[in-house]
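As stored in query_23.tsv (TSV, C-alpha atoms):
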chain	number	residue	atom	x	y	z
A	951	MET	CA	20.70	-13.90	13.11
A	952	ASN	CA	22.28	-11.23	10.92
A	953	GLY	CA	21.91	-7.46	11.07
A	954	TRP	CA	19.12	-7.39	8.47
A	955	THR	CA	16.96	-9.75	10.55
A	956	LEU	CA	17.63	-7.63	13.63
A	957	ALA	CA	16.70	-4.43	11.80
A	958	ALA	CA	13.52	-6.03	10.43
A	959	THR	CA	12.54	-7.34	13.89
A	960	VAL	CA	13.11	-4.01	15.61
A	961	GLY	CA	11.44	-2.04	12.83
A	962	LEU	CA	8.37	-4.29	12.66
A	963	ALA	CA	7.97	-4.51	16.44
A	964	GLY	CA	8.41	-0.78	17.03
A	965	GLY	CA	6.63	0.50	13.92
A	966	LEU	CA	3.66	-1.85	13.77
A	967	GLY	CA	3.33	-1.83	17.58
A	968	THR	CA	3.07	1.95	17.57
A	969	ALA	CA	0.65	1.88	14.62
A	970	LEU	CA	-1.52	-0.70	16.41
A	971	TRP	CA	-1.59	1.43	19.54
A	972	GLY	CA	-2.53	4.47	17.45
A	973	VAL	CA	-5.31	2.65	15.60
A	974	ALA	CA	-6.75	1.17	18.80
A	975	THR	CA	-7.14	4.38	20.83
A	976	GLY	CA	-7.98	8.03	20.39
A	977	PRO	CA	-10.23	9.97	18.02
A	978	LEU	CA	-11.02	8.90	14.46
A	979	ARG	CA	-8.53	11.35	12.91
A	980	ARG	CA	-5.66	9.68	14.75
A	981	ARG	CA	-6.84	6.19	13.82
A	982	VAL	CA	-6.89	6.81	10.07
A	983	VAL	CA	-3.38	8.32	10.21
A	984	ALA	CA	-2.14	5.29	12.16
A	985	GLN	CA	-3.69	2.93	9.59
A	986	ASN	CA	-1.96	4.83	6.78
A	987	LEU	CA	1.39	4.74	8.56
A	988	SER	CA	1.07	1.02	9.38
A	989	THR	CA	1.31	0.10	5.68
A	990	ALA	CA	4.17	2.56	5.17
A	991	LEU	CA	6.05	0.96	8.10
A	992	ALA	CA	5.37	-2.66	7.13
A	993	CYS	CA	6.74	-2.20	3.60
A	994	PRO	CA	10.37	-1.43	4.65
A	995	GLY	CA	10.10	-4.32	7.12
A	996	LEU	CA	9.17	-6.72	4.32
A	997	LEU	CA	12.04	-5.42	2.15
A	998	LEU	CA	14.47	-5.95	5.05
A	999	LEU	CA	13.13	-9.49	5.55
A	1000	SER	CA	13.73	-10.27	1.87
A	1001	GLN	CA	17.36	-9.18	2.28
A	1002	ALA	CA	17.64	-11.10	5.58
A	1003	TYR	CA	16.46	-14.38	4.04
A	1004	GLY	CA	18.57	-13.80	0.91
A	1005	ARG	CA	15.55	-14.27	-1.36
A	1006	PRO	CA	15.10	-11.45	-3.91
A	1007	SER	CA	11.64	-12.72	-4.93
A	1008	TYR	CA	10.29	-11.71	-1.49
A	1009	VAL	CA	10.70	-8.09	-2.63
A	1010	ASP	CA	7.43	-8.54	-4.54
A	1011	LEU	CA	5.56	-8.47	-1.22
A	1012	GLY	CA	6.94	-5.00	-0.55
A	1013	LEU	CA	6.01	-3.91	-4.08
A	1014	VAL	CA	2.39	-5.09	-3.66
A	1015	LEU	CA	2.11	-3.44	-0.26
A	1016	ALA	CA	3.56	-0.15	-1.55
A	1017	LEU	CA	0.88	-0.21	-4.28
A	1018	LEU	CA	-2.14	-1.41	-2.30
A	1019	GLY	CA	-1.52	0.25	1.08
A	1020	PRO	CA	-2.31	3.79	-0.17
A	1021	VAL	CA	-5.31	2.35	-2.07
A	1022	GLY	CA	-6.73	1.06	1.22
A	1023	THR	CA	-6.18	4.44	2.87
A	1024	LEU	CA	-7.85	6.21	-0.06
A	1025	VAL	CA	-10.90	3.95	0.48
A	1026	PHE	CA	-11.14	5.25	4.05
A	1027	ALA	CA	-10.49	8.84	2.96
A	1028	ARG	CA	-13.33	8.64	0.44
A	1029	LEU	CA	-15.91	6.84	2.59
A	1030	LEU	CA	-15.15	8.74	5.81
A	1031	ALA	CA	-14.98	12.13	4.03
A	1032	ASP	CA	-17.87	13.62	6.03
A	1033	GLU	CA	-16.50	12.61	9.46
A	1034	LEU	CA	-12.97	13.70	8.53
A	1035	ALA	CA	-14.12	17.05	7.12
A	1036	GLU	CA	-15.39	18.09	10.58
A	1037	ASP	CA	-12.14	17.07	12.29
A	1038	PRO	CA	-9.39	16.82	9.67
A	1039	PRO	CA	-6.19	14.98	10.59
A	1040	ARG	CA	-2.96	16.97	10.40
A	1041	ALA	CA	-0.04	14.60	10.70
A	1042	TRP	CA	2.66	15.83	8.37
A	1043	GLY	CA	5.38	15.30	10.99
A	1044	PRO	CA	4.82	11.53	11.39
A	1045	THR	CA	4.17	11.17	7.65
A	1046	TRP	CA	7.51	12.68	6.66
A	1047	ALA	CA	9.31	10.83	9.47
A	1048	VAL	CA	7.98	7.49	8.19
A	1049	ALA	CA	8.78	8.48	4.61
A	1050	GLY	CA	12.35	9.26	5.71
A	1051	LEU	CA	12.57	5.87	7.41
A	1052	GLY	CA	11.40	4.16	4.21
A	1053	ALA	CA	13.91	6.14	2.14
A	1054	ALA	CA	16.76	5.25	4.53
A	1055	THR	CA	15.82	1.56	4.36
A	1056	VAL	CA	15.64	1.58	0.57
A	1057	ILE	CA	19.01	3.37	0.29
A	1058	ALA	CA	20.67	0.90	2.68
A	1059	LEU	CA	19.27	-2.03	0.68
A	1060	CYS	CA	20.43	-0.39	-2.58
A	1061	VAL	CA	23.96	-0.07	-1.19
A	1062	ALA	CA	23.87	-3.75	-0.17
A	1063	THR	CA	22.53	-4.82	-3.58
A	1064	GLY	CA	24.94	-2.86	-5.74
A	1065	PRO	CA	24.13	-1.34	-9.14
A	1066	SER	CA	21.89	-3.80	-11.01
A	1067	ARG	CA	18.29	-4.33	-12.13
A	1068	ALA	CA	17.38	-5.34	-8.56
A	1069	MET	CA	18.52	-1.92	-7.36
A	1070	VAL	CA	16.30	-0.16	-9.88
A	1071	LYS	CA	13.39	-2.31	-8.68
A	1072	LEU	CA	14.10	-1.26	-5.09
A	1073	LEU	CA	14.18	2.39	-6.15
A	1074	VAL	CA	10.82	1.96	-7.96
A	1075	ILE	CA	9.34	0.44	-4.78
A	1076	GLY	CA	10.75	3.29	-2.69
A	1077	ALA	CA	9.28	5.91	-5.01
A	1078	LEU	CA	5.89	4.16	-4.97
A	1079	LEU	CA	6.02	3.87	-1.18
A	1080	ILE	CA	6.84	7.51	-0.45
A	1081	GLY	CA	4.65	8.94	-3.22
A	1082	GLY	CA	1.65	6.81	-2.26
A	1083	ASN	CA	2.10	7.61	1.40
A	1084	VAL	CA	2.22	11.36	0.82
A	1085	ILE	CA	-0.79	11.26	-1.54
A	1086	ALA	CA	-2.81	9.21	0.98
A	1087	SER	CA	-1.89	11.62	3.79
A	1088	ARG	CA	-2.93	14.59	1.67
A	1089	ALA	CA	-6.27	12.90	0.85
A	1090	LEU	CA	-6.88	12.23	4.55
A	1091	SER	CA	-6.26	15.85	5.52
A	1092	GLY	CA	-8.73	16.99	2.85
A	1093	GLY	CA	-6.26	18.08	0.18
A	1094	PHE	CA	-8.49	16.74	-2.61
A	1095	ARG	CA	-11.81	18.26	-1.46
A	1096	GLY	CA	-12.68	19.05	-5.08
A	1097	VAL	CA	-13.07	15.39	-6.07
A	1098	ARG	CA	-14.97	14.43	-2.94
A	1099	ARG	CA	-18.30	14.05	-4.66
A	1100	GLY	CA	-16.81	12.97	-7.99
B	1083	MET	CA	-8.60	12.40	-38.35
B	1084	SER	CA	-5.78	14.48	-39.74
B	1085	PRO	CA	-2.21	13.17	-40.11
B	1086	ARG	CA	-1.16	15.39	-37.22
B	1087	THR	CA	-3.58	13.83	-34.70
B	1088	THR	CA	-2.69	10.33	-35.93
B	1089	LEU	CA	0.96	11.10	-35.40
B	1090	LEU	CA	0.27	12.50	-31.92
B	1091	ALA	CA	-1.75	9.41	-30.95
B	1092	ALA	CA	0.94	7.06	-32.21
B	1093	GLY	CA	3.60	9.03	-30.34
B	1094	GLU	CA	1.63	8.91	-27.11
B	1095	LEU	CA	1.04	5.17	-27.45
B	1096	ALA	CA	4.74	4.60	-28.15
B	1097	ALA	CA	5.72	6.63	-25.08
B	1098	TRP	CA	3.37	4.65	-22.83
B	1099	TRP	CA	4.59	1.38	-24.40
B	1100	ALA	CA	8.25	2.24	-23.79
B	1101	GLY	CA	7.54	3.15	-20.16
B	1102	PHE	CA	5.59	-0.02	-19.44
B	1103	ALA	CA	8.09	-2.28	-21.23
B	1104	LEU	CA	10.94	-0.73	-19.23
B	1105	LEU	CA	8.98	-1.23	-15.99
B	1106	TRP	CA	8.37	-4.87	-16.90
B	1107	LEU	CA	12.06	-5.46	-17.60
B	1108	VAL	CA	12.99	-3.93	-14.25
B	1109	LEU	CA	10.45	-5.90	-12.21
B	1110	ILE	CA	11.05	-9.45	-13.53
B	1111	SER	CA	13.73	-11.68	-12.01
B	1112	THR	CA	15.39	-13.25	-15.08
B	1113	VAL	CA	15.45	-11.75	-18.58
B	1114	ASP	CA	14.99	-14.19	-21.48
B	1115	THR	CA	13.22	-14.22	-24.85
B	1116	LEU	CA	9.84	-15.41	-23.55
B	1117	GLU	CA	9.78	-12.71	-20.90
B	1118	ARG	CA	10.64	-10.05	-23.51
B	1119	VAL	CA	7.81	-11.20	-25.81
B	1120	ILE	CA	5.24	-11.33	-23.02
B	1121	GLY	CA	6.46	-8.00	-21.66
B	1122	ALA	CA	6.09	-6.32	-25.05
B	1123	ALA	CA	2.54	-7.69	-25.44
B	1124	ALA	CA	1.50	-6.68	-21.93
B	1125	ALA	CA	3.04	-3.22	-22.40
B	1126	ALA	CA	1.04	-2.80	-25.63
B	1127	LEU	CA	-2.21	-3.64	-23.83
B	1128	GLY	CA	-1.21	-1.34	-20.99
B	1129	ALA	CA	-0.44	1.50	-23.39
B	1130	LEU	CA	-3.92	1.25	-24.96
B	1131	ALA	CA	-5.55	1.21	-21.51
B	1132	ALA	CA	-3.40	4.10	-20.24
B	1133	ARG	CA	-4.20	6.27	-23.28
B	1134	SER	CA	-7.95	5.69	-22.96
B	1135	ALA	CA	-7.75	6.38	-19.20
B	1136	ARG	CA	-5.80	9.60	-19.82
B	1137	ARG	CA	-8.39	10.70	-22.41
B	1138	ALA	CA	-11.25	9.87	-20.04
B	1139	VAL	CA	-9.71	11.97	-17.24
B	1140	SER	CA	-8.26	14.99	-19.02
B	1141	GLY	CA	-10.04	14.99	-22.40
B	1142	PRO	CA	-8.65	14.20	-25.89
C	857	MET	CA	17.47	-16.06	18.39
C	858	ALA	CA	16.43	-16.11	14.74
C	859	ASP	CA	12.91	-16.96	15.92
C	860	ALA	CA	12.55	-13.52	17.51
C	861	VAL	CA	10.94	-12.10	14.37
C	862	ILE	CA	8.39	-14.95	14.37
C	863	VAL	CA	7.55	-14.24	18.01
C	864	VAL	CA	7.15	-10.53	17.22
C	865	ALA	CA	4.82	-11.25	14.28
C	866	LEU	CA	2.74	-13.69	16.35
C	867	LEU	CA	2.43	-11.18	19.20
C	868	LEU	CA	1.38	-8.43	16.77
C	869	VAL	CA	-1.28	-10.71	15.21
C	870	ALA	CA	-2.61	-11.67	18.64
C	871	ALA	CA	-2.72	-8.05	19.80
C	872	SER	CA	-4.38	-6.65	16.66
C	873	ALA	CA	-6.93	-9.49	16.52
C	874	THR	CA	-7.84	-8.85	20.16
C	875	VAL	CA	-8.21	-5.12	19.47
C	876	ALA	CA	-10.40	-5.91	16.43
C	877	VAL	CA	-12.69	-8.02	18.63
C	878	VAL	CA	-12.82	-5.48	21.46
C	879	THR	CA	-13.59	-2.46	19.23
C	880	ARG	CA	-17.36	-1.89	19.03
C	881	ASP	CA	-17.82	0.75	16.30
C	882	PRO	CA	-17.79	-0.96	12.84
C	883	VAL	CA	-15.92	1.95	11.20
C	884	ARG	CA	-13.07	1.79	13.70
C	885	GLN	CA	-13.18	-2.00	13.49
C	886	ALA	CA	-12.58	-1.76	9.73
C	887	LEU	CA	-9.46	0.37	10.40
C	888	VAL	CA	-8.13	-2.22	12.87
C	889	LEU	CA	-8.94	-4.99	10.37
C	890	ALA	CA	-6.84	-3.27	7.70
C	891	VAL	CA	-3.87	-3.23	10.11
C	892	LEU	CA	-4.58	-6.88	11.01
C	893	GLY	CA	-4.42	-7.80	7.31
C	894	VAL	CA	-0.96	-6.22	6.95
C	895	VAL	CA	0.30	-7.87	10.15
C	896	LEU	CA	-0.99	-11.28	8.98
C	897	ALA	CA	0.87	-10.84	5.69
C	898	VAL	CA	4.06	-10.16	7.67
C	899	LEU	CA	3.44	-13.32	9.72
C	900	PHE	CA	3.02	-15.42	6.55
C	901	THR	CA	6.24	-13.97	5.14
C	902	VAL	CA	8.14	-14.74	8.33
C	903	LEU	CA	6.83	-18.33	8.20
C	904	GLN	CA	8.27	-18.62	4.64
C	905	ALA	CA	4.91	-18.57	2.83
C	906	PRO	CA	5.19	-15.43	0.66
C	907	ASP	CA	2.54	-16.66	-1.81
C	908	VAL	CA	-0.05	-16.78	0.96
C	909	GLY	CA	1.22	-13.41	2.14
C	910	LEU	CA	0.72	-11.90	-1.33
C	911	SER	CA	-2.94	-12.98	-1.52
C	912	GLN	CA	-3.47	-11.85	2.08
C	913	LEU	CA	-2.08	-8.41	1.19
C	914	ALA	CA	-4.27	-8.14	-1.89
C	915	VAL	CA	-7.42	-9.07	0.03
C	916	GLY	CA	-6.72	-7.73	3.50
C	917	SER	CA	-5.24	-4.29	2.91
C	918	ALA	CA	-7.83	-2.85	0.51
C	919	LEU	CA	-10.69	-5.24	-0.34
C	920	THR	CA	-11.96	-6.22	3.13
C	921	PRO	CA	-12.07	-2.62	4.43
C	922	LEU	CA	-13.82	-1.51	1.21
C	923	LEU	CA	-16.54	-4.17	1.56
C	924	LEU	CA	-17.00	-3.37	5.28
C	925	MET	CA	-17.20	0.39	4.76
C	926	LEU	CA	-19.66	0.03	1.86
C	927	THR	CA	-21.87	-2.22	4.01
C	928	VAL	CA	-21.78	0.21	6.95
C	929	ARG	CA	-22.64	3.09	4.65
C	930	LYS	CA	-25.60	1.24	3.10
C	931	VAL	CA	-26.99	0.14	6.47
C	932	ARG	CA	-26.73	3.70	7.85
C	933	ARG	CA	-28.42	5.20	4.80
C	934	ARG	CA	-31.26	2.67	5.03
C	935	GLY	CA	-31.66	3.48	8.74
C	936	GLN	CA	-31.91	7.21	7.96
C	937	GLU	CA	-34.56	6.62	5.28
C	938	LYS	CA	-36.60	4.46	7.64
C	939	GLY	CA	-36.34	7.13	10.35
C	940	ARG	CA	-37.58	9.80	7.91
C	941	GLY	CA	-40.50	7.65	6.71
C	942	ARG	CA	-41.85	7.05	10.18
Turn the structure described in the file into structure tokens.
Amino acid sequence: MNGWTLAATVGLAGGLGTALWGVATGPLRRRVVAQNLSTALACPGLLLLSQAYGRPSYVDLGLVLALLGPVGTLVFARLLADELAEDPPRAWGPTWAVAGLGAATVIALCVATGPSRAMVKLLVIGALLIGGNVIASRALSGGFRGVRRG
Amino acid sequence: MSPRTTLLAAGELAAWWAGFALLWLVLISTVDTLERVIGAAAAALGALAARSARRAVSGP
Amino acid sequence: MADAVIVVALLLVAASATVAVVTRDPVRQALVLAVLGVVLAVLFTVLQAPDVGLSQLAVGSALTPLLLMLTVRKVRRRGQEKGRGR
């Protein structure tokens, strides 16, 4: 068991456990935020697992999750727009904390990889992860009201 | 269609194509001739789709 | 000791599946199902089946919630129309 496996285990257990607890209890506005953050927490875990197993092709899982996770959240933001407009979620603290965690993970993996094409791929995944997460959070808190009925 | 708009359209398509081809080269695992050919073709298709999507959203 | 991550993934799957069964409201159930899809993809990755994990991610994180939410929306709208007609 190397350090990468340990980091992935701790990150997945803590992050996804917290997200599961958030999505299982509380009002709807907390549940949608927890669902959004669950994808943003699982993606660094998958990247760490790829490094732990020494298989660069596993990085594709993180890439797909960084792309599709925000898409899933946008589905909820669009179809729950009426419920969320009455009680909009404001969770910029957790959002930026999780984004920072993702950035730290990506930077650590970049340092371990060294300058190469694989590092650029990791940086692309990190940019997709943080950008998608922030956009999904903004859509949940009603930042795109103008396109609600589009 | 004046020469100016044709030139603008070609420039936009070339910019999209370059971006997509670069993305393809970054995301694949091993770079060889077949991958380059397929990447160039896929980037060309993507450039056409991206330009029509951009025109549909923000107008010509 | 290297199996710890497998145990963690299995526990997460068991917990989220139980929560998905216990939740009664279909909208909240769809949210839990989205999390369950992500956790299942992690389990498949940990069990060295990343191809299965990829398809699970593609289906579970966006498609299943979309289908569920569209169905809920249609059923609710039909119920409102019926209530108005009566």
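Shell of Phe900 of chain C at 10 Å, with all atoms listed in the file counted and residues fewer than 6 places along the chain excluded, is C:Ile862, C:Ala865, C:Leu866, C:Pro906, C:Asp907, C:Val908, C:Gly909, C:Leu910, C:Gln912.
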Sphere at (-1.1, 7.0, -26.6), radius 10 Å, counting only C-alpha atoms: residues as JSON, numbers by chain: {"B": [1089, 1090, 1091, 1092, 1093, 1094, 1095, 1096, 1097, 1098, 1099, 1129, 1130, 1131, 1132, 1133, 1134, 1135, 1136, 1137]}
query: Neighbours of Trp1042 of chain A within 9 Å (all atoms listed in the file; same-chain residues fewer than 2 positions away dropped), as a list in words?
result: Arg1040, Pro1044, Thr1045, Trp1046, Ala1047, Val1084, Ser1087 and Arg1088 of chain A
Compute the chain A side of the contact with chain C at 8 Å, counting all atoms listed in the file, and hand it back as an mmCIF file with C-alpha atoms, keeping the file's coordinate frame.
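The resulting file, result_38.cif, is shown below:
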data_model
loop_
_atom_site.group_PDB
_atom_site.id
_atom_site.type_symbol
_atom_site.label_atom_id
_atom_site.label_comp_id
_atom_site.auth_asym_id
_atom_site.auth_seq_id
_atom_site.Cartn_x
_atom_site.Cartn_y
_atom_site.Cartn_z
ATOM 1 C CA MET A 951 20.700 -13.900 13.110
ATOM 2 C CA THR A 955 16.960 -9.750 10.550
ATOM 3 C CA ALA A 958 13.520 -6.030 10.430
ATOM 4 C CA THR A 959 12.540 -7.340 13.890
ATOM 5 C CA LEU A 962 8.370 -4.290 12.660
ATOM 6 C CA ALA A 963 7.970 -4.510 16.440
ATOM 7 C CA LEU A 966 3.660 -1.850 13.770
ATOM 8 C CA GLY A 967 3.330 -1.830 17.580
ATOM 9 C CA LEU A 970 -1.520 -0.700 16.410
ATOM 10 C CA VAL A 973 -5.310 2.650 15.600
ATOM 11 C CA ALA A 974 -6.750 1.170 18.800
ATOM 12 C CA LEU A 978 -11.020 8.900 14.460
ATOM 13 C CA ARG A 981 -6.840 6.190 13.820
ATOM 14 C CA VAL A 982 -6.890 6.810 10.070
ATOM 15 C CA GLN A 985 -3.690 2.930 9.590
ATOM 16 C CA SER A 988 1.070 1.020 9.380
ATOM 17 C CA THR A 989 1.310 0.100 5.680
ATOM 18 C CA ALA A 992 5.370 -2.660 7.130
ATOM 19 C CA LEU A 996 9.170 -6.720 4.320
ATOM 20 C CA LEU A 999 13.130 -9.490 5.550
ATOM 21 C CA TYR A 1008 10.290 -11.710 -1.490
ATOM 22 C CA LEU A 1011 5.560 -8.470 -1.220
ATOM 23 C CA VAL A 1014 2.390 -5.090 -3.660
ATOM 24 C CA LEU A 1015 2.110 -3.440 -0.260
ATOM 25 C CA LEU A 1018 -2.140 -1.410 -2.300
ATOM 26 C CA GLY A 1019 -1.520 0.250 1.080
ATOM 27 C CA VAL A 1021 -5.310 2.350 -2.070
ATOM 28 C CA GLY A 1022 -6.730 1.060 1.220
ATOM 29 C CA THR A 1023 -6.180 4.440 2.870
ATOM 30 C CA VAL A 1025 -10.900 3.950 0.480
ATOM 31 C CA PHE A 1026 -11.140 5.250 4.050
ATOM 32 C CA LEU A 1029 -15.910 6.840 2.590
#
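Residues with any atom within 8 Å of segment 1000-1003 of chain A, counting all atoms listed in the file and excluding same-chain neighbours fewer than 6 positions away, are Asn952, Gly953, Trp954, Thr955, Val1009 and Leu1059 of chain A.
By all atoms listed in the file, and with residues fewer than 3 positions from Val1074 of chain A along its chain excluded, the set lying at most 9 Å from it is A:Leu1013, A:Met1069, A:Val1070, A:Lys1071, A:Ala1077, A:Leu1078, A:Leu1079, B:Leu1105, B:Val1108, B:Leu1109.
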Please produce an output containing C-alpha atoms for each residue in the selection, written as an mmCIF file, in the coordinates of the input.
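After the write, part.cif holds the following:
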data_model
loop_
_atom_site.group_PDB
_atom_site.id
_atom_site.type_symbol
_atom_site.label_atom_id
_atom_site.label_comp_id
_atom_site.auth_asym_id
_atom_site.auth_seq_id
_atom_site.Cartn_x
_atom_site.Cartn_y
_atom_site.Cartn_z
ATOM 1 C CA LEU A 1013 6.010 -3.910 -4.080
ATOM 2 C CA MET A 1069 18.520 -1.920 -7.360
ATOM 3 C CA VAL A 1070 16.300 -0.160 -9.880
ATOM 4 C CA LYS A 1071 13.390 -2.310 -8.680
ATOM 5 C CA ALA A 1077 9.280 5.910 -5.010
ATOM 6 C CA LEU A 1078 5.890 4.160 -4.970
ATOM 7 C CA LEU A 1079 6.020 3.870 -1.180
ATOM 8 C CA LEU B 1105 8.980 -1.230 -15.990
ATOM 9 C CA VAL B 1108 12.990 -3.930 -14.250
ATOM 10 C CA LEU B 1109 10.450 -5.900 -12.210
#
task: Have a look at atom CA of Ala1041 of chain A and atom CA of Gly995 of chain A and let me know their distance in Å, one decimal.
output: 21.8 Å
task: Write out as a ChimeraX atom specification every residue belonging to chain B that has an atom at most 12 Å from any atom of chain A, counting all atoms listed in the file.
output: /B:1104-1113,1139
Deliver the residues from the most recent selection as a file, using C-alpha atoms, as a PDB file, in the coordinates of the input.
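selection.pdb was written with the following content:
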ATOM      1  CA  LEU B1104      10.940  -0.730 -19.230  1.00  0.00           C
ATOM      2  CA  LEU B1105       8.980  -1.230 -15.990  1.00  0.00           C
ATOM      3  CA  TRP B1106       8.370  -4.870 -16.900  1.00  0.00           C
ATOM      4  CA  LEU B1107      12.060  -5.460 -17.600  1.00  0.00           C
ATOM      5  CA  VAL B1108      12.990  -3.930 -14.250  1.00  0.00           C
ATOM      6  CA  LEU B1109      10.450  -5.900 -12.210  1.00  0.00           C
ATOM      7  CA  ILE B1110      11.050  -9.450 -13.530  1.00  0.00           C
ATOM      8  CA  SER B1111      13.730 -11.680 -12.010  1.00  0.00           C
ATOM      9  CA  THR B1112      15.390 -13.250 -15.080  1.00  0.00           C
ATOM     10  CA  VAL B1113      15.450 -11.750 -18.580  1.00  0.00           C
ATOM     11  CA  VAL B1139      -9.710  11.970 -17.240  1.00  0.00           C
TER      12      VAL B1139
END
message: Using Å and a single decimal, report how far atom CA of Ala969 of chain A sits from atom CA of Leu987 of chain A.
response: 6.7 Å
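When atom CA of Ala1123 of chain B is paired with atom CA of Pro1020 of chain A, their separation reads 28.2 Å.
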Written coordinates, C-alpha atoms of segment 1115-1135 of chain B as a short mmCIF file (atom, residue, chain, number, x, y, z; two decimals), in the first residue's frame:
data_model
loop_
_atom_site.label_atom_id
_atom_site.label_comp_id
_atom_site.auth_asym_id
_atom_site.auth_seq_id
_atom_site.Cartn_x
_atom_site.Cartn_y
_atom_site.Cartn_z
CA THR B 1115 0.72 8.24 -37.80
CA LEU B 1116 -2.71 6.58 -37.60
CA GLU B 1117 -3.61 8.58 -34.50
CA ARG B 1118 -2.52 11.82 -36.21
CA VAL B 1119 -4.67 11.09 -39.29
CA ILE B 1120 -7.74 10.16 -37.26
CA GLY B 1121 -7.20 13.13 -34.96
CA ALA B 1122 -7.02 15.54 -37.89
CA ALA B 1123 -10.24 14.10 -39.38
CA ALA B 1124 -12.10 14.19 -36.06
CA ALA B 1125 -10.88 17.74 -35.40
CA ALA B 1126 -12.19 18.81 -38.84
CA LEU B 1127 -15.64 17.38 -38.06
CA GLY B 1128 -15.51 19.00 -34.63
CA ALA B 1129 -14.56 22.36 -36.11
CA LEU B 1130 -17.59 22.29 -38.45
CA ALA B 1131 -19.89 21.34 -35.57
CA ALA B 1132 -18.39 23.97 -33.24
CA ARG B 1133 -18.76 26.75 -35.83
CA SER B 1134 -22.41 25.90 -36.51
CA ALA B 1135 -23.08 25.69 -32.75
#
